[in-house]
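Peer 1: The structure's right below; bear with me while I get my questions together.
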Amino acid sequence: MLPIDGARIRASFINASQRERAAATLPADFATLQWDAFDFLGWRDPKLPKVGYVVTETVDGLVGIMLRQAEGRIRTRPQCSWCEDVTLPNDVVFYTAKRSGAAGRNGDTVGTLACAGFECSRNVRRLPPVAYIGFDVEAARRQRIEALREHVSGFVQAVRDGS
């Protein structure tokens with residue numbers, strides 16, 4: 001990702017009210033983020049522990065999504081739908097996001113299983129284990145990074161377009 005300022009981040013949210021945009025708390029380490037290590041920027045709001053934010057670059061520009069952690073517990077340890085990390089170095093939770101526009105105002109939502117702290121970019125950059133002799137771990141890592149970008153893009157499209 002390229003560096004983004006706070007005003008552009010708040011303006012990018014497509015499923016949040018003006019009040020929710022203004023109240024959004026940026027990540028504590030925002031000034032020191034290493035932007036090139038992210039495929040998307042995701043963080044939890046320290047003031048609202050059940051709220052998370054995801055901002056990503058799309059062909060249409062910067063798009064931000066406000067998510068809420070669903071109530072209840074998942075009975076088994078789930079796999080993140082975005083990074084698909086099978087080693088699960090962190091918790092995975094179920095997030096919901098209001099759809100943008102009239103659908104969201106009418107209560108229509110989209111859900112996804114994602115890493116609780118949005119560690120997906122870090123997870124896909126770890127070298128995978130060697131599956132067999134001659135296995136290209138760098139190619140596998142590049143493939144995981146591309147798959148993450150596609151999964152996040154698909155979720156953003158589902159929130160934006162209702163598909």
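To be explicit about the labels: the chains of the structure tokens are called A, B, and onward in the order shown, and within each one the residues are counted from 1, while ligands get numbers from 1 in the order they are shown.
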Report the residues of segment 41-147 of chain A whose backbone DSSP state falls under alpha helix (DSSP H), written as a VMD selection string.
Peer 2: chain A and resid 101 to 105 120 to 125 137 to 147
Peer 1: May I have the selected residues written with C-alpha atoms, as an mmCIF file, in the first residue's frame?
Peer 2:
data_model
loop_
_atom_site.group_PDB
_atom_site.id
_atom_site.type_symbol
_atom_site.label_atom_id
_atom_site.label_comp_id
_atom_site.auth_asym_id
_atom_site.auth_seq_id
_atom_site.Cartn_x
_atom_site.Cartn_y
_atom_site.Cartn_z
ATOM 1 C CA GLY A 101 -26.116 2.779 0.319
ATOM 2 C CA ALA A 102 -29.809 2.037 0.724
ATOM 3 C CA ALA A 103 -29.225 -1.672 1.388
ATOM 4 C CA GLY A 104 -27.099 -0.872 4.438
ATOM 5 C CA ARG A 105 -29.584 1.697 5.713
ATOM 6 C CA CYS A 120 -3.502 -11.314 7.292
ATOM 7 C CA SER A 121 -0.784 -9.349 5.452
ATOM 8 C CA ARG A 122 1.809 -10.627 7.923
ATOM 9 C CA ASN A 123 0.449 -14.187 7.777
ATOM 10 C CA VAL A 124 0.676 -14.526 3.985
ATOM 11 C CA ARG A 125 4.246 -13.206 3.946
ATOM 12 C CA VAL A 137 8.190 -21.484 -1.396
ATOM 13 C CA GLU A 138 8.629 -17.994 -2.869
ATOM 14 C CA ALA A 139 6.060 -18.729 -5.585
ATOM 15 C CA ALA A 140 3.704 -20.100 -2.934
ATOM 16 C CA ARG A 141 4.151 -16.923 -0.878
ATOM 17 C CA ARG A 142 3.443 -14.717 -3.912
ATOM 18 C CA GLN A 143 0.350 -16.798 -4.652
ATOM 19 C CA ARG A 144 -0.901 -16.373 -1.066
ATOM 20 C CA ILE A 145 -0.355 -12.596 -1.233
ATOM 21 C CA GLU A 146 -2.320 -12.392 -4.487
ATOM 22 C CA ALA A 147 -5.105 -14.591 -3.066
#
Peer 1: Quick one: everything within 9 Å of Asp39 of chain A, counting only C-alpha atoms, minus sequence neighbours fewer than 4 positions away in the same chain. Send it as a list in words.
Peer 2: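 Counting only C-alpha atoms, the residues come to Met1, Trp35, Thr56, Glu57, Cys120, Ser121, Ile145, Leu148, Arg149 and Val152 of chain A.
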Peer 1: With N, CA and C atoms kept, could you save the residues just selected as a CSV table (one decimal), in the first residue's frame?
Peer 2:
chain,number,residue,atom,x,y,z
A,1,MET,N,0.8,-1.2,0.0
A,1,MET,CA,0.0,0.0,0.0
A,1,MET,C,0.9,1.2,0.0
A,35,TRP,N,4.0,1.0,5.3
A,35,TRP,CA,2.9,0.8,4.3
A,35,TRP,C,3.2,-0.3,3.3
A,56,THR,N,-8.6,-0.4,1.8
A,56,THR,CA,-7.8,-1.0,0.7
A,56,THR,C,-7.9,-0.1,-0.6
A,57,GLU,N,-6.9,-0.3,-1.4
A,57,GLU,CA,-6.9,0.4,-2.7
A,57,GLU,C,-7.6,-0.5,-3.7
A,120,CYS,N,-3.6,-10.5,8.5
A,120,CYS,CA,-3.5,-11.3,7.3
A,120,CYS,C,-2.3,-11.0,6.4
A,121,SER,N,-1.9,-9.7,6.3
A,121,SER,CA,-0.8,-9.3,5.5
A,121,SER,C,0.5,-10.0,6.0
A,145,ILE,N,-0.2,-14.0,-1.3
A,145,ILE,CA,-0.4,-12.6,-1.2
A,145,ILE,C,-1.4,-12.2,-2.3
A,148,LEU,N,-4.9,-13.2,-1.1
A,148,LEU,CA,-5.4,-12.3,0.0
A,148,LEU,C,-6.0,-11.1,-0.7
A,149,ARG,N,-5.3,-10.5,-1.6
A,149,ARG,CA,-5.8,-9.3,-2.3
A,149,ARG,C,-7.1,-9.5,-3.0
A,152,VAL,N,-9.9,-9.9,-0.2
A,152,VAL,CA,-10.3,-8.6,0.4
A,152,VAL,C,-11.1,-7.8,-0.6
Peer 1: Expressed in Å to a single decimal, how great is the separation between atom CA of Asp161 of chain A and atom CA of Val110 of chain A?
Peer 2: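 Taking atom CA of Asp161 of chain A as the start and atom CA of Val110 of chain A as the end point, the length is 11.0 Å.
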Peer 1: For Ser81 of chain A, list every protein, DNA or RNA residue within 8 Å, evaluated using only C-alpha atoms, and leave out those in the same chain fewer than 3 positions away; present the list as an mmCIF file with all heavy atoms, in the first residue's frame.
Peer 2:
data_model
loop_
_atom_site.group_PDB
_atom_site.id
_atom_site.type_symbol
_atom_site.label_atom_id
_atom_site.label_comp_id
_atom_site.auth_asym_id
_atom_site.auth_seq_id
_atom_site.Cartn_x
_atom_site.Cartn_y
_atom_site.Cartn_z
ATOM 1 N N GLU A 84 -6.415 -17.365 4.682
ATOM 2 C CA GLU A 84 -6.488 -18.825 4.631
ATOM 3 C C GLU A 84 -5.291 -19.483 5.306
ATOM 4 O O GLU A 84 -4.811 -20.517 4.870
ATOM 5 C CB GLU A 84 -6.629 -19.310 3.184
ATOM 6 C CG GLU A 84 -7.885 -18.808 2.514
ATOM 7 C CD GLU A 84 -8.012 -19.244 1.074
ATOM 8 O OE1 GLU A 84 -6.973 -19.391 0.386
ATOM 9 O OE2 GLU A 84 -9.151 -19.429 0.633
ATOM 10 N N THR A 112 -17.962 -12.163 7.294
ATOM 11 C CA THR A 112 -16.751 -12.876 6.914
ATOM 12 C C THR A 112 -15.995 -13.317 8.164
ATOM 13 O O THR A 112 -16.105 -12.690 9.217
ATOM 14 C CB THR A 112 -15.830 -11.996 6.035
ATOM 15 O OG1 THR A 112 -14.766 -12.798 5.522
ATOM 16 C CG2 THR A 112 -15.240 -10.835 6.810
ATOM 17 N N LEU A 113 -15.263 -14.399 8.038
ATOM 18 C CA LEU A 113 -14.321 -14.822 9.073
ATOM 19 C C LEU A 113 -12.978 -14.204 8.738
ATOM 20 O O LEU A 113 -12.457 -14.408 7.631
ATOM 21 C CB LEU A 113 -14.199 -16.346 9.102
ATOM 22 C CG LEU A 113 -15.382 -17.105 9.672
ATOM 23 C CD1 LEU A 113 -15.256 -18.598 9.352
ATOM 24 C CD2 LEU A 113 -15.488 -16.896 11.165
ATOM 25 N N ALA A 114 -12.421 -13.432 9.666
ATOM 26 C CA ALA A 114 -11.135 -12.781 9.420
ATOM 27 C C ALA A 114 -10.308 -12.792 10.699
ATOM 28 O O ALA A 114 -10.838 -12.932 11.803
ATOM 29 C CB ALA A 114 -11.343 -11.355 8.936
ATOM 30 N N HIS A 151 -9.321 -11.867 -2.113
ATOM 31 C CA HIS A 151 -10.358 -12.101 -1.108
ATOM 32 C C HIS A 151 -10.846 -10.792 -0.485
ATOM 33 O O HIS A 151 -12.054 -10.597 -0.315
ATOM 34 C CB HIS A 151 -9.856 -13.046 -0.018
ATOM 35 C CG HIS A 151 -9.579 -14.413 -0.524
ATOM 36 N ND1 HIS A 151 -8.613 -15.222 0.015
ATOM 37 C CD2 HIS A 151 -10.131 -15.141 -1.527
ATOM 38 C CE1 HIS A 151 -8.584 -16.369 -0.637
ATOM 39 N NE2 HIS A 151 -9.495 -16.336 -1.574
#
Peer 1: So which residues touch Trp43 of chain A within 8 Å, counting only C-alpha atoms, skipping near sequence neighbours fewer than 5 positions away, as a list in words?
Peer 2: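 Residues meeting the cut-off are Leu26, Pro27, Gly52, Tyr53, Val54, Gly117 and Phe118 of chain A.
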